[in-house]
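Visitor: After the structure tokens below, expect a handful of questions from me.
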Amino acid sequence: MKFNKNLENIKTYEAGKPIELVVREFGIDPKDIVKLASNENPSGCSPKVVEAVGAILSKMALYPDDSMIKLKNALSVKMGVANENIIIGSGSDQVIEFLIHAKATHGSKILMNSITFAMYEIYAKHVGAEVIRTASQEHDMDEFYELYKQEKPEIIFICTPNNPTGDALDAQKIFEFLKKIDSDTLVVIDGAYMEYAIAKDAKKEIVVKELIEQFDNVIYLGTFSKAYGLGGMRVGYGVANAKIIKELYKLRPPFNITTLSLEAASVALEDEDFVKKSVTLNLQQMKRYEEFAKEQKIDIINSYTNFVTLCLNPNQNSSKISNLLLQKGMIVRDLSSYNMNAIRVTVGTEEQNSRFFGLVIQFL
């Protein structure tokens, strides 16, 4: 059987191992497993969300409101934009897929950072586009601009804060860069971890209303999977001028968000106290990782997210250490697939982080 030739050069995205798989492979009791691999919120989600979703379980037999009006209205108020500026996706990943299929074709060029979210490249290869990467590990906007002038890409991806490294750009640098880009080049600002960045440094905040009012060729992506604690509900969104959103809607399948997910995201937006507590806990516990890295003489990338990237020494192997931790019931993310001798660790609860420190020190 023949398949699309574009699939030949695509590697399957490796998500963080689920707890259930570790139970099957190693026979570890589920209560003894700690998952710090997928950047989920260790505080779970708002109790108000749990209550609201529980109240509408009987609606599972019905198709969701495909206008998504409740969630759009809530996002509209939060960001000061119109509903026509918003598209909801099954995670922001789905909006990324829409964007590439809407703008790129075989031979199109797509510019991104050397190390960044893997799905940009995977979706680019779906359509046979050429991926152009910077040389720098962290986002260097001067380098981005030079490649932009040389390559004339159809799409530019800027992930800030960046996954899987955790670094973030000042909003001013992004706006200065955007002023130099022609109006036919689509620029995607992926702000999946923005709530954490703002809590750490206000200069990182991108005011979405200002962004789309100033630039017709830019879309901002956000998600409910991180600070809002709804990774399992799969809700993300894109905000851009109405013309971009209208084109994306041509690719959106009907009922792409479940009834329960829409309710969860809408209620989550109302509980800002939960988000504030989550990001505060994250900042407090991240300091422990910074101290640990200093004690162990391991480089740690300054992170504006809910995870840390520990860059190991040459005599330490990230794949080996990740596997040894896995056998002890500690799930972290090995970054060797990004050509980094590093592990990415979600900042968990005080107890989870203490367990990580106690285990990993045995293998360093």
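Chain labels run A, B, ... following the order of the structure tokens; each chain numbers its residues from 1, and ligands are numbered from 1 in the order shown.
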If we count only C-alpha atoms and set the cut-off at 6 Å, which residues sit around A:Val187, ignoring sequence neighbours fewer than 3 positions away in its own chain? Please answer as a list in words.

Guide: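 Within the cut-off, the hits are Ile155, Ile156 and Val218 of chain A.
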
Visitor: How would the residues just picked look written out with N, CA and C atoms as a compact mmCIF listing (two decimals), in the first residue's frame?

Guide:
# COMPACT_ATOMS: atom_id res chain seq x y z
N ILE A 155 6.01 31.15 6.76
CA ILE A 155 5.58 31.16 8.16
C ILE A 155 6.82 31.26 9.06
N ILE A 156 6.70 32.02 10.14
CA ILE A 156 7.74 32.09 11.17
C ILE A 156 7.11 31.70 12.50
N VAL A 218 -0.08 38.39 12.21
CA VAL A 218 0.38 37.67 13.41
C VAL A 218 -0.79 36.98 14.10

Visitor: Can you tell me which residues surround A:Asp273 at a distance of at most 12 Å, considering only C-alpha atoms, apart from same-chain residues fewer than 6 positions away, and format the answer as an MDAnalysis selection string?

Guide: chainID A and resid 45:48 227:228 279:280

Visitor: Please identify all polymer residues within 12 Å of A:Gly232, counting only C-alpha atoms, omitting same-chain residues fewer than 2 positions from it, and present them as a list in words.

Guide: Pro18, Ser38, Asn39, Glu40, Asn41, Gly44, Cys45, Ser90, Gly91, Thr223, Phe224, Ser225, Lys226, Tyr228, Gly229, Leu230, Arg234, Val235, Gly236, Thr258, Leu260, Ser261, Ala264 and Ala265 of chain A

Visitor: Report as a list of chain:residue names all protein, DNA and RNA residues lying within 10 Å of A:Lys173, evaluated on only C-alpha atoms, omitting residues in the same chain fewer than 6 positions from it.

Guide: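 That gives A:Asp140, A:Met141, A:Asp142, A:Lys203, A:Lys204.
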
Visitor: When DSSP works through the backbone of this structure, what residues of stretch 106-202 of chain A end up as alpha helix (DSSP H), shown as a ChimeraX atom specification?

Guide: /A:118-126,141-151,171-178,194-200

Visitor: So that I can see what lies close to A:Glu205, please list as a list in words the residues with an atom at most 8 Å from it, counting only C-alpha atoms and leaving out residues fewer than 3 positions away in the same chain.

Guide: Asp170, Ala171, Met194, Ala197, Ile198, Asp201 and Ala202 of chain A

Visitor: Given the selection you just returned, output its residues as a file containing C-alpha atoms, formatted as a PDB file, in the first residue's frame.

Guide:
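Ended up saving to selection01.pdb:
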ATOM      1  CA  ASP A 170      10.960  40.337  26.146  1.00  0.00           C
ATOM      2  CA  ALA A 171       7.770  41.434  24.399  1.00  0.00           C
ATOM      3  CA  MET A 194       2.911  32.762  29.075  1.00  0.00           C
ATOM      4  CA  ALA A 197       6.513  33.967  32.255  1.00  0.00           C
ATOM      5  CA  ILE A 198       4.423  36.963  33.295  1.00  0.00           C
ATOM      6  CA  ASP A 201       9.024  38.871  34.626  1.00  0.00           C
ATOM      7  CA  ALA A 202       6.409  41.383  33.469  1.00  0.00           C
TER       8      ALA A 202
END
